[in-house]
$ cat model-v9.txt   # compact mmCIF, C-alpha atoms and all ligand atoms
# COMPACT_ATOMS: atom_id res chain seq x y z
CA MET A 56 15.03 -6.06 2.37
CA ARG A 57 15.35 -2.44 3.41
CA GLU A 58 17.94 -0.73 5.53
CA ASP A 59 15.36 -0.04 8.23
CA PHE A 60 15.36 -3.78 8.98
CA LEU A 61 19.12 -3.62 9.60
CA HIS A 62 18.51 -0.64 11.93
CA TYR A 63 15.92 -2.73 13.80
CA LEU A 64 18.32 -5.68 14.09
CA TRP A 65 21.08 -3.45 15.43
CA ARG A 66 18.86 -1.37 17.73
CA LEU A 67 17.43 -4.43 19.43
CA ALA A 68 20.45 -6.73 19.02
CA ARG A 69 18.29 -9.21 17.09
CA PHE A 70 21.10 -11.00 15.28
CA ASP A 71 23.50 -13.75 16.24
CA LEU A 72 26.01 -12.03 18.49
CA ARG A 73 28.27 -15.04 18.95
CA ASP A 74 31.87 -14.81 17.75
CA LEU A 75 31.39 -11.48 15.98
CA ARG A 76 34.19 -10.66 13.58
CA THR A 77 34.93 -8.06 10.96
CA THR A 78 34.99 -9.33 7.40
CA ASP A 79 38.79 -9.52 7.63
CA GLY A 80 38.62 -11.65 10.78
CA GLN A 81 39.15 -9.23 13.69
CA PRO A 82 37.04 -10.02 16.78
CA ILE A 83 34.36 -7.46 17.71
CA ILE A 84 32.80 -6.90 21.14
CA ILE A 85 29.81 -4.51 21.21
CA TYR A 86 29.17 -2.95 24.58
CA GLN A 87 27.01 -0.04 23.42
CA PHE A 88 24.94 -0.14 20.25
CA GLY A 89 24.55 3.66 20.22
CA VAL A 90 21.64 5.99 19.63
CA HIS A 91 19.60 5.76 16.45
CA ASN A 92 20.06 8.92 14.39
CA THR A 93 16.96 9.65 12.34
CA HIS A 94 18.45 12.82 10.82
CA ALA A 95 21.20 13.30 8.25
CA GLY A 96 24.49 11.55 8.90
CA PRO A 97 25.50 8.04 9.97
CA ASP A 98 22.74 5.78 11.30
CA PHE A 99 23.88 5.39 14.93
CA ASP A 100 25.78 7.79 17.17
CA ASP A 101 27.83 7.10 20.25
CA ALA A 102 28.41 3.38 19.78
CA ARG A 103 31.13 1.71 21.87
CA LEU A 104 33.04 -1.28 20.54
CA ILE A 105 36.23 -3.23 21.00
CA ILE A 106 37.74 -4.34 17.70
CA ASP A 107 40.77 -6.60 17.90
CA GLY A 108 41.39 -5.47 21.49
CA LEU A 109 41.18 -1.73 20.71
CA ARG A 110 38.39 0.41 22.18
CA TRP A 111 36.39 2.56 19.76
CA ALA A 112 33.68 5.16 20.34
CA GLY A 113 31.83 6.70 17.43
CA ARG A 114 29.30 6.18 14.70
CA VAL A 115 27.94 3.14 12.93
CA GLU A 116 26.66 3.21 9.36
CA MET A 117 24.49 0.51 7.79
CA HIS A 118 23.85 -0.60 4.23
CA LEU A 119 22.49 -3.60 2.42
CA LYS A 120 25.74 -3.81 0.45
CA SER A 121 29.01 -2.18 1.45
CA SER A 122 29.29 -0.68 -2.07
CA ASP A 123 26.20 1.44 -1.21
CA TRP A 124 28.68 3.61 0.69
CA TYR A 125 29.97 4.86 -2.65
CA ASP A 126 26.54 4.87 -4.32
CA HIS A 127 25.34 7.22 -1.53
CA GLY A 128 28.40 9.47 -1.93
CA HIS A 129 29.64 9.07 1.69
CA GLN A 130 33.26 9.10 0.48
CA ASP A 131 32.79 12.84 -0.25
CA ASP A 132 31.30 13.69 3.15
CA PRO A 133 33.84 14.20 5.99
CA VAL A 134 31.09 13.41 8.57
CA TYR A 135 31.41 9.74 7.57
CA ASP A 136 35.10 9.69 8.51
CA SER A 137 33.90 9.26 12.10
CA VAL A 138 32.29 5.88 11.32
CA ILE A 139 33.90 3.15 13.42
CA LEU A 140 31.97 0.21 12.01
CA HIS A 141 30.18 -0.41 8.72
CA VAL A 142 27.38 -2.94 9.26
CA VAL A 143 26.12 -4.54 6.06
CA LEU A 144 24.07 -7.43 4.88
CA GLU A 145 26.64 -8.28 2.25
CA ASP A 146 30.22 -7.05 2.00
CA ASP A 147 30.99 -6.60 -1.70
CA ARG A 148 33.59 -3.83 -1.60
CA PRO A 149 36.06 -2.44 0.97
CA VAL A 150 35.34 1.07 2.24
CA TYR A 151 37.98 3.66 3.18
CA ARG A 152 38.03 6.94 5.09
CA SER A 153 39.51 10.04 3.48
CA ASP A 154 42.84 9.37 5.26
CA GLY A 155 43.06 6.00 3.51
CA SER A 156 42.28 3.83 6.57
CA GLN A 157 39.84 0.98 5.97
CA ILE A 158 36.54 1.06 7.90
CA PRO A 159 35.96 -2.25 9.71
CA CYS A 160 32.96 -4.10 8.32
CA LEU A 161 30.51 -6.49 10.02
CA GLU A 162 28.45 -8.67 7.69
CA LEU A 163 25.03 -9.70 9.02
CA ARG A 164 24.17 -12.25 6.35
CA GLY A 165 23.87 -15.62 8.03
CA ARG A 166 23.31 -14.03 11.45
CA ILE A 167 19.59 -13.19 11.10
CA PRO A 168 17.17 -15.82 12.45
CA ALA A 169 15.10 -17.41 9.66
CA GLY A 170 11.81 -16.94 11.53
CA LEU A 171 12.53 -13.26 11.99
CA ARG A 172 13.30 -12.81 8.31
CA GLY A 173 10.03 -14.55 7.46
CA THR A 174 7.95 -12.38 9.77
CA TYR A 175 9.63 -9.26 8.40
CA TRP A 176 8.99 -10.41 4.85
CA ARG A 177 5.32 -10.97 5.52
CA LEU A 178 4.92 -7.63 7.23
CA LEU A 179 6.47 -5.86 4.28
CA HIS A 180 4.60 -7.74 1.58
CA ASN A 181 1.14 -7.73 3.07
CA GLU A 182 -1.65 -6.33 0.95
CA SER A 183 -4.00 -5.70 3.89
CA TRP A 184 -5.12 -2.23 4.92
CA VAL A 185 -2.31 -2.36 7.50
CA ALA A 186 0.42 -4.97 7.33
CA CYS A 187 -0.20 -6.25 10.85
CA ALA A 188 -3.95 -6.75 10.38
CA GLY A 189 -4.92 -9.96 12.17
CA GLN A 190 -2.16 -9.57 14.74
CA LEU A 191 -3.28 -6.38 16.42
CA THR A 192 -5.44 -8.03 19.07
CA ALA A 193 -2.38 -9.96 20.26
CA VAL A 194 -0.52 -6.74 21.06
CA ALA A 195 -0.35 -6.28 24.83
CA PRO A 196 -2.59 -3.39 26.03
CA PRO A 197 0.30 -1.51 27.71
CA VAL A 198 2.29 -1.63 24.43
CA ARG A 199 -0.74 -0.25 22.58
CA ALA A 200 -1.36 2.49 25.13
CA VAL A 201 2.24 3.70 25.35
CA TRP A 202 2.73 3.54 21.59
CA LEU A 203 -0.44 5.53 20.82
CA GLN A 204 0.62 8.18 23.35
CA ARG A 205 4.00 8.41 21.66
CA VAL A 206 2.46 8.69 18.17
CA LEU A 207 0.06 11.37 19.44
CA ALA A 208 2.97 13.34 20.92
CA GLU A 209 4.82 13.07 17.59
CA ARG A 210 1.72 14.36 15.75
CA LEU A 211 1.28 17.29 18.13
CA SER A 212 4.98 18.12 17.95
CA ARG A 213 4.82 18.26 14.16
CA LYS A 214 1.73 20.47 14.32
CA ALA A 215 3.53 22.65 16.87
CA VAL A 216 6.36 23.22 14.40
CA THR A 217 3.81 24.34 11.79
CA PHE A 218 2.06 26.55 14.34
CA GLN A 219 5.34 28.11 15.46
CA SER A 220 6.29 28.92 11.86
CA LEU A 221 2.89 30.65 11.47
CA VAL A 222 3.64 32.63 14.63
CA ASN A 223 7.06 33.59 13.26
CA ARG A 224 5.52 34.69 9.94
CA SER A 225 2.95 36.73 11.91
CA ASP A 226 5.55 38.83 13.79
CA ALA A 227 5.24 36.66 16.92
CA ASP A 228 1.49 37.27 17.07
CA TRP A 229 -0.11 34.10 18.47
CA GLU A 230 -3.62 35.44 17.87
CA ALA A 231 -2.87 35.91 14.17
CA ALA A 232 -1.42 32.40 13.88
CA PHE A 233 -4.40 30.91 15.74
CA TYR A 234 -6.80 32.73 13.41
CA GLN A 235 -5.27 30.89 10.43
CA VAL A 236 -5.37 27.53 12.19
CA LEU A 237 -8.97 28.11 13.28
CA ALA A 238 -10.01 29.10 9.75
CA ARG A 239 -8.37 25.97 8.39
CA SER A 240 -10.15 23.83 10.95
CA LEU A 241 -13.51 25.41 10.09
CA GLY A 242 -12.94 24.45 6.45
CA GLY A 243 -13.02 20.75 7.37
CA SER A 244 -11.24 18.24 5.17
CA VAL A 245 -12.68 19.64 1.92
CA ASN A 246 -12.19 23.41 2.24
CA ALA A 247 -9.29 23.59 4.72
CA ASP A 248 -6.81 24.94 2.14
CA ALA A 249 -9.29 27.52 0.82
CA MET A 250 -10.11 28.74 4.35
CA GLU A 251 -6.43 29.06 5.16
CA MET A 252 -5.88 30.97 1.89
CA LEU A 253 -8.73 33.28 2.84
CA ALA A 254 -7.26 33.91 6.30
CA ARG A 255 -3.85 34.64 4.79
CA SER A 256 -5.38 37.10 2.34
CA LEU A 257 -7.04 39.01 5.17
CA PRO A 258 -4.80 39.70 8.18
CA LEU A 259 -6.42 39.37 11.60
CA ARG A 260 -5.50 42.95 12.52
CA ILE A 261 -7.97 44.16 9.86
CA LEU A 262 -10.76 41.96 11.22
CA GLN A 263 -9.95 43.17 14.74
CA LYS A 264 -10.35 46.80 13.63
CA HIS A 265 -13.86 46.06 12.40
CA LYS A 266 -14.89 43.57 15.04
CA HIS A 267 -17.76 45.77 16.25
CA SER A 268 -19.58 45.59 12.91
CA LEU A 269 -20.67 42.10 11.90
CA LEU A 270 -21.66 43.43 8.48
CA GLN A 271 -18.14 44.75 7.87
CA LEU A 272 -16.59 41.48 9.04
CA GLU A 273 -18.83 39.56 6.67
CA ALA A 274 -18.11 42.04 3.87
CA LEU A 275 -14.35 41.59 4.38
CA LEU A 276 -14.50 37.79 4.57
CA PHE A 277 -17.02 37.19 1.79
CA GLY A 278 -15.39 39.82 -0.41
CA GLN A 279 -11.97 38.24 0.05
CA SER A 280 -13.36 34.74 -0.50
CA GLY A 281 -14.38 35.62 -4.06
CA LEU A 282 -17.83 34.15 -3.29
CA LEU A 283 -19.68 37.46 -3.22
CA PRO A 284 -22.01 37.37 -6.26
CA ALA A 285 -21.64 40.06 -8.92
CA ALA A 286 -23.03 43.39 -7.67
CA GLU A 287 -25.24 44.05 -10.70
CA GLN A 288 -27.16 40.78 -10.17
CA GLN A 289 -28.06 41.60 -6.60
CA VAL A 290 -31.41 42.70 -5.27
CA ALA A 291 -31.12 41.40 -1.71
CA PRO A 292 -30.39 44.47 0.44
CA TYR A 293 -27.97 42.46 2.61
CA VAL A 294 -25.81 41.52 -0.38
CA VAL A 295 -25.94 45.06 -1.74
CA ARG A 296 -24.67 46.33 1.63
CA LEU A 297 -21.88 43.72 1.65
CA HIS A 298 -20.79 44.97 -1.77
CA ARG A 299 -20.79 48.58 -0.67
CA GLU A 300 -18.76 47.86 2.47
CA TYR A 301 -16.31 45.58 0.71
CA ALA A 302 -15.68 48.07 -2.10
CA LEU A 303 -14.57 50.67 0.47
CA LEU A 304 -12.57 48.31 2.66
CA ARG A 305 -10.85 46.64 -0.25
CA VAL A 306 -9.43 49.96 -1.41
CA LYS A 307 -8.62 51.08 2.12
CA TYR A 308 -6.53 47.96 2.87
CA ASP A 309 -5.40 47.23 -0.69
CA LEU A 310 -6.90 43.71 -0.56
CA GLN A 311 -6.77 41.05 -3.28
CA PRO A 312 -9.53 38.41 -3.12
CA ILE A 313 -8.76 34.73 -3.58
CA PRO A 314 -10.35 32.94 -6.56
CA ALA A 315 -13.88 31.59 -6.08
CA THR A 316 -12.68 28.37 -7.74
CA ALA A 317 -10.78 27.53 -4.53
CA TRP A 318 -14.04 26.49 -2.86
CA ARG A 319 -15.87 23.16 -2.99
CA PHE A 320 -19.61 22.72 -2.41
CA LEU A 321 -20.15 19.36 -4.11
CA ARG A 322 -21.26 16.36 -2.04
CA MET A 323 -21.26 18.42 1.14
CA ARG A 324 -23.97 18.82 3.72
CA PRO A 325 -25.36 22.38 3.44
CA ASN A 326 -24.38 23.03 7.06
CA ASN A 327 -20.74 22.56 6.03
CA PHE A 328 -20.91 24.80 2.97
CA PRO A 329 -18.01 27.25 2.97
CA THR A 330 -20.46 30.17 2.89
CA VAL A 331 -21.88 28.98 6.24
CA ARG A 332 -18.38 28.45 7.65
CA ILE A 333 -17.26 31.92 6.58
CA ALA A 334 -20.36 33.46 8.18
CA GLN A 335 -19.51 31.54 11.38
CA LEU A 336 -15.92 32.79 11.29
CA ALA A 337 -17.23 36.36 11.02
CA CYS A 338 -19.51 35.81 14.03
CA LEU A 339 -16.67 34.31 16.10
CA TYR A 340 -14.48 37.38 15.56
CA HIS A 341 -17.44 39.69 16.07
CA ARG A 342 -17.83 38.17 19.51
CA SER A 343 -14.10 38.32 20.35
CA GLY A 344 -11.00 39.51 18.56
CA GLN A 345 -8.83 37.58 21.01
CA LEU A 346 -9.94 33.98 20.65
CA PHE A 347 -6.54 32.52 21.41
CA GLY A 348 -6.28 34.55 24.61
CA LYS A 349 -9.75 33.39 25.59
CA ALA A 350 -8.83 29.78 24.89
CA LEU A 351 -5.74 30.10 27.11
CA ALA A 352 -7.84 31.60 29.89
CA ALA A 353 -10.65 29.02 29.61
CA THR A 354 -10.98 26.88 32.70
CA GLY A 355 -12.52 23.79 31.14
CA GLN A 356 -13.90 22.03 28.12
CA GLN A 357 -17.40 23.47 28.56
CA GLU A 358 -16.05 27.02 28.53
CA LEU A 359 -14.14 26.25 25.35
CA GLN A 360 -17.24 24.79 23.73
CA ASN A 361 -19.26 27.85 24.71
CA MET A 362 -16.70 30.08 22.99
CA PHE A 363 -17.64 28.61 19.64
CA ALA A 364 -21.39 28.38 20.12
CA VAL A 365 -22.33 31.42 18.04
CA SER A 366 -25.44 31.87 15.95
CA LEU A 367 -25.37 33.58 12.57
CA SER A 368 -26.55 36.91 11.25
CA ASN A 369 -30.11 37.18 9.98
CA TYR A 370 -29.43 36.49 6.30
CA TRP A 371 -27.52 33.30 7.03
CA LYS A 372 -30.29 31.95 9.24
CA ASP A 373 -32.30 31.14 6.11
CA HIS A 374 -29.55 30.76 3.50
CA TYR A 375 -26.79 28.23 2.92
CA ARG A 376 -25.51 30.07 -0.14
CA PHE A 377 -26.04 33.52 -1.61
CA GLY A 378 -29.42 33.86 -3.29
CA ALA A 379 -30.83 30.45 -2.30
CA GLU A 380 -33.39 30.69 0.48
CA ALA A 381 -33.66 27.70 2.83
CA LYS A 382 -35.56 26.64 5.93
CA ARG A 383 -34.84 28.99 8.79
CA SER A 384 -32.56 27.90 11.64
CA ASP A 385 -29.90 29.61 13.71
CA ARG A 386 -27.12 27.64 11.89
CA ARG A 387 -25.02 27.39 15.02
CA LEU A 388 -21.77 25.53 14.82
CA GLY A 389 -22.80 21.97 15.70
CA GLU A 390 -21.31 19.90 18.46
CA THR A 391 -19.23 17.84 16.01
CA ALA A 392 -17.83 20.96 14.35
CA ILE A 393 -16.95 22.49 17.72
CA ARG A 394 -15.23 19.29 18.82
CA SER A 395 -13.31 19.29 15.57
CA ILE A 396 -12.09 22.83 16.38
CA LEU A 397 -11.01 21.70 19.86
CA VAL A 398 -9.13 18.74 18.36
CA ASN A 399 -7.59 20.46 15.34
CA ALA A 400 -7.04 24.02 16.54
CA ILE A 401 -7.22 24.37 20.33
CA ALA A 402 -5.26 21.27 21.40
CA PRO A 403 -2.42 21.85 18.87
CA ALA A 404 -2.34 25.54 19.89
CA TYR A 405 -2.00 24.62 23.58
CA PHE A 406 0.73 22.11 22.74
CA ALA A 407 2.64 24.59 20.55
CA TYR A 408 2.34 27.32 23.18
CA GLY A 409 3.58 24.91 25.87
CA LEU A 410 6.62 24.00 23.77
CA HIS A 411 7.31 27.66 23.01
CA ARG A 412 7.09 28.66 26.66
CA THR A 413 8.65 25.39 27.85
CA ASP A 414 5.64 25.13 30.10
CA GLU A 415 4.56 21.55 30.67
CA ARG A 416 1.09 22.67 31.88
CA TYR A 417 -0.08 23.71 28.41
CA ARG A 418 1.14 20.48 26.86
CA GLU A 419 -0.72 18.55 29.53
CA ARG A 420 -3.84 20.62 28.86
CA ALA A 421 -3.64 19.65 25.19
CA LEU A 422 -3.38 15.96 26.04
CA GLU A 423 -6.10 16.12 28.71
CA LEU A 424 -8.45 17.86 26.30
CA LEU A 425 -7.89 15.19 23.65
CA GLU A 426 -8.36 12.42 26.20
CA ALA A 427 -11.64 13.97 27.39
CA LEU A 428 -13.15 14.39 23.91
CA PRO A 429 -14.87 11.45 22.23
CA ALA A 430 -13.10 9.71 19.35
CA GLU A 431 -13.58 11.24 15.92
CA ARG A 432 -15.60 9.33 13.38
CA ASN A 433 -14.00 8.73 10.02
CA SER A 434 -13.11 5.85 7.73
CA VAL A 435 -9.60 5.45 9.18
CA VAL A 436 -10.91 5.12 12.74
CA SER A 437 -13.58 2.66 11.52
CA HIS A 438 -10.92 0.51 9.87
CA TRP A 439 -8.88 0.32 13.07
CA LYS A 440 -12.04 -0.59 14.96
CA LYS A 441 -12.77 -3.48 12.58
CA LEU A 442 -9.25 -4.76 13.24
CA GLY A 443 -9.87 -4.77 16.99
CA TRP A 444 -8.36 -1.40 17.84
CA PRO A 445 -11.29 0.95 18.57
CA ALA A 446 -10.39 4.53 19.47
CA ARG A 447 -11.58 5.43 22.96
CA SER A 448 -10.96 9.19 22.79
CA ALA A 449 -10.03 11.94 20.37
CA GLY A 450 -6.44 11.47 21.53
CA GLU A 451 -6.54 7.87 20.34
CA SER A 452 -8.33 8.67 17.08
CA GLN A 453 -5.69 11.31 16.33
CA ALA A 454 -2.94 8.83 17.16
CA LEU A 455 -4.48 6.12 14.98
CA LEU A 456 -4.80 8.56 12.10
CA ASP A 457 -1.14 9.42 12.42
CA LEU A 458 -0.08 5.81 12.86
CA LYS A 459 -1.71 4.94 9.56
CA GLN A 460 -0.28 7.96 7.72
CA ALA A 461 3.20 8.15 9.19
CA TYR A 462 3.99 4.47 9.84
CA CYS A 463 1.67 1.96 8.16
CA THR A 464 1.39 3.51 4.70
CA PRO A 465 5.16 3.96 4.28
CA THR A 466 5.61 0.48 5.96
CA ARG A 467 7.77 1.77 8.78
CA CYS A 468 6.92 -1.35 10.77
CA THR A 469 10.44 -1.74 12.17
CA SER A 470 10.15 1.73 13.74
CA CYS A 471 6.72 0.97 15.18
CA ALA A 472 6.17 -0.57 18.61
CA VAL A 473 3.51 -2.88 17.17
CA GLY A 474 5.85 -4.06 14.42
CA CYS A 475 8.69 -4.53 16.91
CA SER A 476 6.42 -6.45 19.26
CA ILE A 477 5.40 -8.76 16.37
CA LEU A 478 9.01 -9.19 15.28
CA ASN A 479 10.18 -9.69 18.84
CA ARG A 480 7.69 -12.51 19.38
CA THR A 481 9.23 -14.34 16.45
CA ASP A 482 11.92 -16.92 17.00
CA GLU A 483 13.46 -19.75 15.06
CA ALA A 484 10.78 -22.19 16.18
CA ASP A 485 7.77 -20.21 14.98
CA GLY A 486 7.63 -22.05 11.68
CA THR A 487 7.70 -18.82 9.65
CA VAL A 488 10.23 -19.94 7.09
CA LEU A 489 10.69 -18.42 3.67
CA SER A 490 10.61 -20.25 0.38
CA VAL A 491 13.82 -20.13 -1.67
CA ASN A 492 12.33 -17.45 -3.96
CA GLU A 493 11.12 -15.32 -1.07
CA GLU A 494 14.54 -15.61 0.53
CA ALA A 495 16.22 -14.53 -2.68
CA ARG A 496 13.88 -11.56 -3.12
CA LEU A 497 14.26 -10.62 0.54
CA TYR A 498 17.98 -10.23 0.15
CA GLN A 499 17.75 -9.02 -3.43
CA LEU A 500 21.09 -10.62 -4.05
CA THR A 501 20.30 -12.91 -6.95
CA GLY A 502 20.31 -10.22 -9.66
S1 LIG A 601 3.51 0.37 11.12
FE1 LIG A 601 2.94 -0.75 12.97
S2 LIG A 601 0.73 -0.62 13.10
FE2 LIG A 601 1.33 -0.06 11.02
S3 LIG A 601 1.24 -1.91 9.80
FE3 LIG A 601 3.32 -1.76 10.55
S4 LIG A 601 3.31 -2.89 12.45
FE4 LIG A 601 1.17 -2.50 11.97
$ encode --input "model-v9.txt" --output "structure tokens"
Amino acid sequence: MREDFLHYLWRLARFDLRDLRTTDGQPIIIYQFGVHNTHAGPDFDDARLIIDGLRWAGRVEMHLKSSDWYDHGHQDDPVYDSVILHVVLEDDRPVYRSDGSQIPCLELRGRIPAGLRGTYWRLLHNESWVACAGQLTAVAPPVRAVWLQRVLAERLSRKAVTFQSLVNRSDADWEAAFYQVLARSLGGSVNADAMEMLARSLPLRILQKHKHSLLQLEALLFGQSGLLPAAEQQVAPYVVRLHREYALLRVKYDLQPIPATAWRFLRMRPNNFPTVRIAQLACLYHRSGQLFGKALAATGQQELQNMFAVSLSNYWKDHYRFGAEAKRSDRRLGETAIRSILVNAIAPAYFAYGLHRTDERYRERALELLEALPAERNSVVSHWKKLGWPARSAGESQALLDLKQAYCTPTRCTSCAVGCSILNRTDEADGTVLSVNEEARLYQLTG
């Protein structure tokens, strides 16, 4: 058993509340369970209790064994002096505050319904892709909808924190932060880190100074990427010109290229090769040095999509890589790639900007954009679909991605609305009873 199960039991009052007593026999009345604290410090704040006729207001701390208090070093942290009740599965050692007073202890062993323990056990020890596979279709649609919205908001809030730290590192320049996020998004799942490294090595203000010359933008980006082939091997006039421009600009701005080994070409479609993506990035900033401003001013999804519909310079129309000629095409950013930018760069940027400005309209724009875009296609979304939870929009596919990463993989089922709804449906009569060995392992008390 893990402590998060105790948090679930307390949060939702899912234990036998009759004749509650501390381990030394004092009656307890709980009239406020408190607010779950997911940060450092005791597990619940602002609980209200009556213990042996005396009213208490304060914090509640939970452990599997009361001796965990000492194992976790709480005796050395004055914050834990404010704990008014220690809730444990098993009381194996008295716990004292720094002033010597004993902290009242409530033992939950024997108060947890057997069916609930069984359902919890099976959730936690399930080898399926997600622990609740097979039970998802029984989750009520409103629970699903509200939970996915919440998970999506959590994902966007986390991305907003990252975006804001980029803004702070860029001297409060939102354009410069957006440039890095956009570059990362253009890199896709394989070259995201390399594209971000490239953007960090080449500040946006330098690109903006040269925005009127596509050749100079390409020289800067390809030169910094480390992908520009050695000058002495080059006969193609375009590549020779890139070299010449980069040599001058590198000295002028004291630039250090990133290593060419940062890039991956293997098992990629040529359209997604980093060389093509870098050429597209150059074209985007050739068209506008203020892409974030344009995105804020855009009046709809179509306008946003048009912003990214650029075609490449002549050389890149018949090359995917330096020196390798290919069938000619305009190598525009495809619809899928543009949607990926809207999902991974524009929507998080709107959300972050809305939080920064405390302007609800931008946050709503982010959510509306994600709701309007079709669901992404990837293996995670396909898995959810097979289990009966198809994504109906990019908002849902983003939420399902996050649900898997942030909840299912670390088995945070007791913090998940789906897990709680499964646990809440369980009662004594559901026949989910543990064997003696399972029971022993659940409590981990036999060793
Ligand atoms: S975290 Fe939620 S969705 Fe994921 S496996 Fe657990 S109960 Fe299912």
$ closest_residue --input "model-v9.txt" --among "A:Leu310, A:Met362, A:Leu455, A:Leu422" --to "ligand LIG 601 (chain A)" --atoms "all atoms listed in the file"
A:Leu455
$ residues_near_ligand --input "model-v9.txt" --ligand "ligand LIG 601 (chain A)" --cutoff "10 Å" --atoms "all atoms listed in the file" --output "PyMOL selection string"
chain A and resi 175+178-179+181+183-191+199+202-203+439+455+457-478
$ closest_residue --input "model-v9.txt" --among "A:Tyr125, A:Tyr86, A:Tyr151, A:Tyr308" --to "Trp111 of chain A" --atoms "all atoms listed in the file"
A:Tyr86
$ residues_around --input "model-v9.txt" --residues "segment 387-403 of chain A" --least-positions-apart "3" --cutoff "7 Å" --atoms "all atoms listed in the file" --output "VMD selection string"
chain A and resid 211 214 to 215 236 to 237 240 to 241 360 363 to 367 406 to 407 421 424 to 425
$ atom_distance --input "model-v9.txt" --atom1 "atom CA of Leu270 of chain A" --atom2 "atom CA of Leu297 of chain A"
6.8 Å
$ atom_distance --input "model-v9.txt" --atom1 "atom CA of Arg66 of chain A" --atom2 "atom CA of Pro197 of chain A"
21.1 Å
$ residues_around --input "model-v9.txt" --residues "Gln345 of chain A" --least-positions-apart "5" --cutoff "9 Å" --atoms "only C-alpha atoms" --output "VMD selection string"
chain A and resid 230 263 340 350
$ closest_residue --input "model-v9.txt" --among "A:Phe70, A:Leu283, A:Leu140, A:Ile313" --to "Gly170 of chain A" --atoms "all atoms listed in the file"
A:Phe70
$ atom_distance --input "model-v9.txt" --atom1 "atom CA of Tyr234 of chain A" --atom2 "atom CA of His265 of chain A"
15.1 Å
$ closest_residue --input "model-v9.txt" --among "A:Tyr293, A:Cys160, A:Gly409, A:Gln357" --to "Asn369 of chain A" --atoms "only C-alpha atoms"
A:Tyr293
$ closest_residue --input "model-v9.txt" --among "A:Leu119, A:Leu109, A:Val150, A:Ala249" --to "Phe60 of chain A" --atoms "all atoms listed in the file"
A:Leu119
$ closest_residue --input "model-v9.txt" --among "A:Trp65, A:Phe277, A:Tyr370, A:Tyr405" --to "Glu162 of chain A" --atoms "all atoms listed in the file"
A:Trp65
$ closest_atom_pairs --input "model-v9.txt" --of "segment 347-384 of chain A" --to "segment 321-325 of chain A" --cutoff "12 Å" --atoms "all atoms listed in the file" --output "tab-separated table"
residue	atom	partner	partner_atom	distance
A:Trp371	CA	A:Pro325	CA	11.7
A:Asp373	CA	A:Pro325	CA	11.5
A:His374	CA	A:Pro325	CA	9.4
A:Tyr375	CA	A:Pro325	CA	6.0
A:Arg376	CA	A:Pro325	CA	8.5
A:Ala379	CA	A:Pro325	CA	11.3
A:Glu380	CA	A:Pro325	CA	11.9
A:Ala381	CA	A:Pro325	CA	9.9
A:Lys382	CA	A:Pro325	CA	11.3
$ residues_around --input "model-v9.txt" --residues "Ile105 of chain A" --least-positions-apart "6" --cutoff "10 Å" --atoms "all atoms listed in the file" --output "short mmCIF file (atom, residue, chain, number, x, y, z; two decimals) with C-alpha atoms, in the coordinates of the input"
data_model
loop_
_atom_site.label_atom_id
_atom_site.label_comp_id
_atom_site.auth_asym_id
_atom_site.auth_seq_id
_atom_site.Cartn_x
_atom_site.Cartn_y
_atom_site.Cartn_z
CA GLN A 81 39.15 -9.23 13.69
CA PRO A 82 37.04 -10.02 16.78
CA ILE A 83 34.36 -7.46 17.71
CA ILE A 84 32.80 -6.90 21.14
CA ILE A 85 29.81 -4.51 21.21
CA TYR A 86 29.17 -2.95 24.58
CA TRP A 111 36.39 2.56 19.76
CA ALA A 112 33.68 5.16 20.34
#
$ residues_near_point --input "model-v9.txt" --point "(-14.1, 40.0, 2.5)" --cutoff "9 Å" --atoms "only C-alpha atoms" --output "list of chain:residue names"
A:Leu253, A:Leu257, A:Gln271, A:Leu272, A:Glu273, A:Ala274, A:Leu275, A:Leu276, A:Phe277, A:Gly278, A:Gln279, A:Ser280, A:Gly281, A:Leu283, A:Leu297, A:Tyr301, A:Leu304, A:Arg305, A:Leu310, A:Pro312
$ axis_aligned_box --input "model-v9.txt" --around "segment 144-153 of chain A" --padding-each-side "8 Å" --output "JSON"
{"center_x": 31.8, "center_y": 0.9, "center_z": 1.7, "size_x": 31.4, "size_y": 34.3, "size_z": 22.8}
$ decode --input "model-v9.txt" --residues "segment 235-254 of chain A" --atoms "C-alpha atoms" --output "CSV table (one decimal), in the first residue's frame"
chain,number,residue,atom,x,y,z
A,235,GLN,CA,12.5,29.0,-29.1
A,236,VAL,CA,9.2,27.2,-28.6
A,237,LEU,CA,8.4,27.4,-32.3
A,238,ALA,CA,11.8,26.0,-33.2
A,239,ARG,CA,11.3,23.1,-30.8
A,240,SER,CA,7.9,22.4,-32.2
A,241,LEU,CA,9.3,22.3,-35.8
A,242,GLY,CA,11.8,19.7,-34.7
A,243,GLY,CA,9.0,17.2,-33.9
A,244,SER,CA,9.6,14.5,-31.4
A,245,VAL,CA,13.0,13.5,-32.8
A,246,ASN,CA,14.8,16.8,-33.3
A,247,ALA,CA,13.0,19.0,-30.8
A,248,ASP,CA,16.0,19.3,-28.4
A,249,ALA,CA,18.4,20.0,-31.3
A,250,MET,CA,16.1,22.7,-32.7
A,251,GLU,CA,15.8,24.3,-29.3
A,252,MET,CA,19.6,24.2,-28.9
A,253,LEU,CA,19.9,25.9,-32.3
A,254,ALA,CA,17.5,28.6,-31.4
